[in-house]
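Taking it in order: structure first as structure tokens, then the write-up.
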Amino acid sequence: MAISLSVLSVLALFPPIQQFFTQLATAPPTGSKNIYSFTMKTIDGKEKSLSDYKGDVLLIVNVASFCGFTPQYKDLEATYLKYKDKGLRILAFPANNFGQQEPGSDEEIKQFCRANYNVTFDLFSKISVKGPDQHPLYRYLTKESPFPGDVKWNFQKYLIDGKGNVVAMFPSRVRPTDREVVEKIGALLKEKP
């Protein structure tokens, strides 16, 4: 009887067991993060929550101004213009991780994109997409998404559905206007509510 009273008196110091388990059950499960969990800085220095894009199909791409794939800016813009009214958004993240091919400031990058490719899709502030200073967005894309693995080079693309889930990854050599990309974008746009 003395042991039972001691155990009861110790338990009285802690929240009820039922409450403890209820709190655990309501905690978000590990791995429940999606694209909407991130806030990024635009090329103009403003904070933008990616949750602002809920319902849109997104093509996320790391870009660079002095790369063999840089002409894909033209393909990205053409794809954006073709599908923007149906709900496609392109989010471009300049990165200087490969061959120092994006050395400029945000303002220089913005001017380059507008002057050379008349870019109208969303440009964001320069980030790191790999290495020890990898941005959390790209840590998520490369480690927690269904397509794990380091970003291999500039212009690697991630396709996100209207619910914020990563549904495809396309390597740099695959252009945004290639059939496999266009078909996947078209299918996702048809699924939009």
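By order of appearance in the structure tokens: chains A, B, ..., then residues from 1 within every chain, and ligands from 1 in the order shown.
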From a backbone DSSP assignment, name each residue in chain A labelled strand (DSSP E or B), as a count of residues only. 35
Using only C-alpha atoms, can you tell me which of A:Glu144, A:Asp178, A:Asp44, A:Asp52 comes closest to Glu107 in chain A? A:Asp44
Quick one: residues within 12 Å of Ile35 in chain A, only C-alpha atoms counted, chain neighbours fewer than 3 positions away excluded, as a VMD selection string? chain A and resid 31 to 32 38 to 40 49 to 60 91 136 to 141 144 to 145 158 to 167
Selection export as a short mmCIF file (atom, residue, chain, number, x, y, z; two decimals), in the first residue's frame, atoms kept: N, CA and C atoms:
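Printed below is selection24.cif as written:
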data_model
loop_
_atom_site.label_atom_id
_atom_site.label_comp_id
_atom_site.auth_asym_id
_atom_site.auth_seq_id
_atom_site.Cartn_x
_atom_site.Cartn_y
_atom_site.Cartn_z
N GLY A 31 8.45 14.73 -41.18
CA GLY A 31 8.31 14.53 -42.61
C GLY A 31 7.03 15.14 -43.19
N SER A 32 6.25 15.87 -42.37
CA SER A 32 5.00 16.45 -42.86
C SER A 32 5.23 17.80 -43.54
N PHE A 38 8.19 27.15 -46.22
CA PHE A 38 9.34 28.03 -46.37
C PHE A 38 8.95 29.46 -46.75
N THR A 39 9.72 30.40 -46.24
CA THR A 39 9.61 31.81 -46.63
C THR A 39 10.95 32.18 -47.26
N MET A 40 10.89 32.79 -48.41
CA MET A 40 12.10 33.13 -49.17
C MET A 40 12.17 34.63 -49.41
N SER A 49 6.30 34.19 -48.53
CA SER A 49 5.98 32.84 -48.07
C SER A 49 5.59 32.00 -49.29
N LEU A 50 6.16 30.81 -49.39
CA LEU A 50 5.79 29.94 -50.50
C LEU A 50 4.36 29.44 -50.36
N SER A 51 3.76 29.62 -49.18
CA SER A 51 2.35 29.27 -49.02
C SER A 51 1.45 30.20 -49.85
N ASP A 52 1.99 31.34 -50.29
CA ASP A 52 1.24 32.24 -51.18
C ASP A 52 0.92 31.55 -52.51
N TYR A 53 1.65 30.48 -52.82
CA TYR A 53 1.46 29.77 -54.08
C TYR A 53 0.53 28.55 -53.95
N LYS A 54 -0.13 28.42 -52.81
CA LYS A 54 -1.03 27.27 -52.62
C LYS A 54 -2.02 27.19 -53.77
N GLY A 55 -2.18 25.99 -54.31
CA GLY A 55 -3.09 25.77 -55.43
C GLY A 55 -2.43 25.89 -56.78
N ASP A 56 -1.26 26.53 -56.85
CA ASP A 56 -0.53 26.66 -58.11
C ASP A 56 0.41 25.48 -58.31
N VAL A 57 0.68 25.17 -59.56
CA VAL A 57 1.72 24.20 -59.91
C VAL A 57 3.01 25.02 -60.01
N LEU A 58 4.07 24.52 -59.37
CA LEU A 58 5.33 25.26 -59.33
C LEU A 58 6.44 24.50 -60.03
N LEU A 59 7.29 25.23 -60.72
CA LEU A 59 8.53 24.69 -61.25
C LEU A 59 9.64 25.49 -60.58
N ILE A 60 10.38 24.81 -59.70
CA ILE A 60 11.47 25.44 -58.95
C ILE A 60 12.78 25.08 -59.64
N LEU A 91 9.58 29.53 -60.15
CA LEU A 91 10.36 30.17 -59.09
C LEU A 91 11.83 29.90 -59.35
N PRO A 136 17.76 25.97 -46.39
CA PRO A 136 16.80 24.95 -45.92
C PRO A 136 15.82 24.46 -46.98
N LEU A 137 15.40 25.34 -47.91
CA LEU A 137 14.51 24.89 -48.98
C LEU A 137 15.17 23.78 -49.78
N TYR A 138 16.43 24.00 -50.14
CA TYR A 138 17.12 22.99 -50.95
C TYR A 138 17.55 21.79 -50.11
N ARG A 139 17.71 21.98 -48.81
CA ARG A 139 17.95 20.83 -47.93
C ARG A 139 16.71 19.94 -47.97
N TYR A 140 15.54 20.56 -47.92
CA TYR A 140 14.29 19.82 -48.01
C TYR A 140 14.18 19.10 -49.37
N LEU A 141 14.42 19.83 -50.46
CA LEU A 141 14.29 19.24 -51.79
C LEU A 141 15.25 18.07 -52.01
N GLU A 144 14.69 15.48 -48.12
CA GLU A 144 13.41 15.05 -47.55
C GLU A 144 12.32 14.83 -48.59
N SER A 145 12.54 15.25 -49.82
CA SER A 145 11.52 15.06 -50.85
C SER A 145 11.61 13.64 -51.41
N TYR A 158 12.56 21.13 -60.11
CA TYR A 158 11.64 20.36 -59.27
C TYR A 158 10.24 20.81 -59.59
N LEU A 159 9.35 19.86 -59.84
CA LEU A 159 7.96 20.17 -60.14
C LEU A 159 7.11 19.88 -58.90
N ILE A 160 6.29 20.86 -58.53
CA ILE A 160 5.49 20.79 -57.32
C ILE A 160 4.01 20.86 -57.69
N ASP A 161 3.20 19.96 -57.10
CA ASP A 161 1.77 19.98 -57.42
C ASP A 161 1.06 21.09 -56.64
N GLY A 162 -0.23 21.23 -56.87
CA GLY A 162 -1.02 22.30 -56.24
C GLY A 162 -1.21 22.16 -54.75
N LYS A 163 -0.73 21.06 -54.17
CA LYS A 163 -0.81 20.85 -52.72
C LYS A 163 0.54 21.01 -52.04
N GLY A 164 1.56 21.40 -52.80
CA GLY A 164 2.89 21.63 -52.22
C GLY A 164 3.78 20.42 -52.18
N ASN A 165 3.41 19.35 -52.89
CA ASN A 165 4.21 18.13 -52.90
C ASN A 165 5.15 18.09 -54.09
N VAL A 166 6.38 17.66 -53.86
CA VAL A 166 7.35 17.50 -54.94
C VAL A 166 6.97 16.23 -55.70
N VAL A 167 6.69 16.37 -56.99
CA VAL A 167 6.21 15.22 -57.77
C VAL A 167 7.15 14.80 -58.89
#
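The smallest atom-to-atom distance between Tyr73 in chain A and any of A:Leu189, A:Val151, A:Cys113, A:Ile127, using only C-alpha atoms, is found for A:Cys113.
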Work out how far CA of Pro148 in chain A is from CA of Lys82 in chain A, in Å to one decimal. 29.4 Å
Residues within 8 Å of Glu77 in chain A, please, as a PyMOL selection string. Count only C-alpha atoms; anything in the same chain fewer than 3 positions from it doesn't count. chain A and resi 73-74+80-81+117-121
Going by DSSP on the backbone, which residues of range 77-185 of chain A come out as alpha helix (DSSP H)? List them as an NGL selection string. :A and (77-83 or 106-117 or 136-139 or 179-185)
Just write the chosen residues, N, CA and C atoms, as a PDB file, in the first residue's frame.
ATOM      1  N   GLU A  77      10.785  31.100 -69.665  1.00  0.00           N
ATOM      2  CA  GLU A  77       9.851  32.201 -69.922  1.00  0.00           C
ATOM      3  C   GLU A  77       8.735  31.762 -70.868  1.00  0.00           C
ATOM      4  N   ALA A  78       9.086  31.017 -71.922  1.00  0.00           N
ATOM      5  CA  ALA A  78       8.070  30.535 -72.869  1.00  0.00           C
ATOM      6  C   ALA A  78       7.071  29.609 -72.167  1.00  0.00           C
ATOM      7  N   THR A  79       7.573  28.732 -71.310  1.00  0.00           N
ATOM      8  CA  THR A  79       6.699  27.817 -70.569  1.00  0.00           C
ATOM      9  C   THR A  79       5.798  28.591 -69.626  1.00  0.00           C
ATOM     10  N   TYR A  80       6.378  29.571 -68.951  1.00  0.00           N
ATOM     11  CA  TYR A  80       5.594  30.397 -68.031  1.00  0.00           C
ATOM     12  C   TYR A  80       4.481  31.133 -68.766  1.00  0.00           C
ATOM     13  N   LEU A  81       4.807  31.777 -69.878  1.00  0.00           N
ATOM     14  CA  LEU A  81       3.800  32.533 -70.622  1.00  0.00           C
ATOM     15  C   LEU A  81       2.686  31.624 -71.147  1.00  0.00           C
ATOM     16  N   LYS A  82       3.043  30.412 -71.533  1.00  0.00           N
ATOM     17  CA  LYS A  82       2.058  29.473 -72.070  1.00  0.00           C
ATOM     18  C   LYS A  82       1.074  28.991 -71.007  1.00  0.00           C
ATOM     19  N   TYR A  83       1.554  28.803 -69.758  1.00  0.00           N
ATOM     20  CA  TYR A  83       0.730  28.160 -68.730  1.00  0.00           C
ATOM     21  C   TYR A  83       0.377  29.032 -67.524  1.00  0.00           C
ATOM     22  N   ASP A 106      22.165  40.469 -56.454  1.00  0.00           N
ATOM     23  CA  ASP A 106      20.763  40.283 -56.842  1.00  0.00           C
ATOM     24  C   ASP A 106      20.349  41.299 -57.909  1.00  0.00           C
ATOM     25  N   GLU A 107      20.755  42.535 -57.742  1.00  0.00           N
ATOM     26  CA  GLU A 107      20.390  43.573 -58.712  1.00  0.00           C
ATOM     27  C   GLU A 107      20.996  43.270 -60.089  1.00  0.00           C
ATOM     28  N   GLU A 108      22.256  42.828 -60.117  1.00  0.00           N
ATOM     29  CA  GLU A 108      22.893  42.481 -61.400  1.00  0.00           C
ATOM     30  C   GLU A 108      22.202  41.287 -62.058  1.00  0.00           C
ATOM     31  N   ILE A 109      21.835  40.307 -61.254  1.00  0.00           N
ATOM     32  CA  ILE A 109      21.147  39.119 -61.780  1.00  0.00           C
ATOM     33  C   ILE A 109      19.802  39.525 -62.364  1.00  0.00           C
ATOM     34  N   LYS A 110      19.069  40.345 -61.648  1.00  0.00           N
ATOM     35  CA  LYS A 110      17.754  40.808 -62.123  1.00  0.00           C
ATOM     36  C   LYS A 110      17.896  41.554 -63.448  1.00  0.00           C
ATOM     37  N   GLN A 111      18.860  42.454 -63.534  1.00  0.00           N
ATOM     38  CA  GLN A 111      19.072  43.214 -64.769  1.00  0.00           C
ATOM     39  C   GLN A 111      19.449  42.287 -65.921  1.00  0.00           C
ATOM     40  N   PHE A 112      20.312  41.319 -65.656  1.00  0.00           N
ATOM     41  CA  PHE A 112      20.730  40.357 -66.679  1.00  0.00           C
ATOM     42  C   PHE A 112      19.519  39.586 -67.219  1.00  0.00           C
ATOM     43  N   CYS A 113      18.685  39.087 -66.299  1.00  0.00           N
ATOM     44  CA  CYS A 113      17.518  38.283 -66.699  1.00  0.00           C
ATOM     45  C   CYS A 113      16.511  39.095 -67.498  1.00  0.00           C
ATOM     46  N   ARG A 114      16.275  40.324 -67.097  1.00  0.00           N
ATOM     47  CA  ARG A 114      15.299  41.163 -67.795  1.00  0.00           C
ATOM     48  C   ARG A 114      15.845  41.623 -69.148  1.00  0.00           C
ATOM     49  N   ALA A 115      17.120  42.024 -69.173  1.00  0.00           N
ATOM     50  CA  ALA A 115      17.699  42.547 -70.412  1.00  0.00           C
ATOM     51  C   ALA A 115      17.909  41.460 -71.469  1.00  0.00           C
ATOM     52  N   ASN A 116      18.347  40.286 -71.055  1.00  0.00           N
ATOM     53  CA  ASN A 116      18.701  39.242 -72.013  1.00  0.00           C
ATOM     54  C   ASN A 116      17.572  38.261 -72.324  1.00  0.00           C
ATOM     55  N   TYR A 117      16.650  38.056 -71.375  1.00  0.00           N
ATOM     56  CA  TYR A 117      15.608  37.040 -71.580  1.00  0.00           C
ATOM     57  C   TYR A 117      14.200  37.544 -71.272  1.00  0.00           C
ATOM     58  N   PRO A 136      17.757  25.970 -46.390  1.00  0.00           N
ATOM     59  CA  PRO A 136      16.805  24.953 -45.917  1.00  0.00           C
ATOM     60  C   PRO A 136      15.824  24.464 -46.985  1.00  0.00           C
ATOM     61  N   LEU A 137      15.404  25.337 -47.909  1.00  0.00           N
ATOM     62  CA  LEU A 137      14.510  24.895 -48.984  1.00  0.00           C
ATOM     63  C   LEU A 137      15.170  23.779 -49.784  1.00  0.00           C
ATOM     64  N   TYR A 138      16.426  23.998 -50.144  1.00  0.00           N
ATOM     65  CA  TYR A 138      17.121  22.988 -50.945  1.00  0.00           C
ATOM     66  C   TYR A 138      17.553  21.789 -50.106  1.00  0.00           C
ATOM     67  N   ARG A 139      17.711  21.979 -48.811  1.00  0.00           N
ATOM     68  CA  ARG A 139      17.947  20.827 -47.935  1.00  0.00           C
ATOM     69  C   ARG A 139      16.708  19.936 -47.969  1.00  0.00           C
ATOM     70  N   ARG A 179       9.127  17.508 -73.977  1.00  0.00           N
ATOM     71  CA  ARG A 179       7.838  16.808 -73.882  1.00  0.00           C
ATOM     72  C   ARG A 179       7.558  16.257 -72.482  1.00  0.00           C
ATOM     73  N   GLU A 180       8.557  15.625 -71.861  1.00  0.00           N
ATOM     74  CA  GLU A 180       8.321  15.008 -70.550  1.00  0.00           C
ATOM     75  C   GLU A 180       7.929  16.045 -69.492  1.00  0.00           C
ATOM     76  N   VAL A 181       8.487  17.258 -69.595  1.00  0.00           N
ATOM     77  CA  VAL A 181       8.157  18.318 -68.640  1.00  0.00           C
ATOM     78  C   VAL A 181       6.768  18.878 -68.945  1.00  0.00           C
ATOM     79  N   VAL A 182       6.532  19.188 -70.205  1.00  0.00           N
ATOM     80  CA  VAL A 182       5.261  19.781 -70.627  1.00  0.00           C
ATOM     81  C   VAL A 182       4.091  18.847 -70.309  1.00  0.00           C
ATOM     82  N   GLU A 183       4.262  17.546 -70.560  1.00  0.00           N
ATOM     83  CA  GLU A 183       3.181  16.595 -70.274  1.00  0.00           C
ATOM     84  C   GLU A 183       2.875  16.527 -68.786  1.00  0.00           C
ATOM     85  N   LYS A 184       3.919  16.541 -67.963  1.00  0.00           N
ATOM     86  CA  LYS A 184       3.716  16.472 -66.510  1.00  0.00           C
ATOM     87  C   LYS A 184       3.046  17.754 -66.008  1.00  0.00           C
ATOM     88  N   ILE A 185       3.490  18.905 -66.506  1.00  0.00           N
ATOM     89  CA  ILE A 185       2.864  20.175 -66.124  1.00  0.00           C
ATOM     90  C   ILE A 185       1.390  20.171 -66.528  1.00  0.00           C
TER      91      ILE A 185
END
Find the spatial neighbours of Gly104 in chain A, counting only C-alpha atoms, within a cut-off of 10 Å - ignore same-chain residues fewer than 6 positions away - and output them as a PyMOL selection string. chain A and resi 64-65+94-96+110+112+126
Spatial neighbours of Lys190 in chain A, max dist 10 Å, only C-alpha atoms, sep filter under 3 positions, as a list in words: Lys86, Gly87, Ile185, Gly186, Ala187 and Pro193 of chain A
Suppose you want the space between CA of His135 in chain A and CA of Arg175 in chain A; what is it in Å? 24.1 Å
Gap from CA of Glu47 in chain A to CA of Lys130 in chain A - Å, one decimal: 21.6 Å
If we count only C-alpha atoms and set the cut-off at 7 Å, which residues sit around Phe98 in chain A, ignoring sequence neighbours fewer than 3 positions away in its own chain? Please answer as an mmCIF file with C-alpha atoms, in the first residue's frame.
data_model
loop_
_atom_site.group_PDB
_atom_site.id
_atom_site.type_symbol
_atom_site.label_atom_id
_atom_site.label_comp_id
_atom_site.auth_asym_id
_atom_site.auth_seq_id
_atom_site.Cartn_x
_atom_site.Cartn_y
_atom_site.Cartn_z
ATOM 1 C CA GLN A 101 28.700 30.907 -62.791
ATOM 2 C CA TRP A 153 24.330 21.550 -61.747
ATOM 3 C CA ASN A 154 22.558 24.796 -62.629
#
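Comparing A:Thr70, A:Asn34, A:Thr42, A:Gln156 by their smallest distance to Ser172 in chain A, the closest is A:Gln156 (using only C-alpha atoms).
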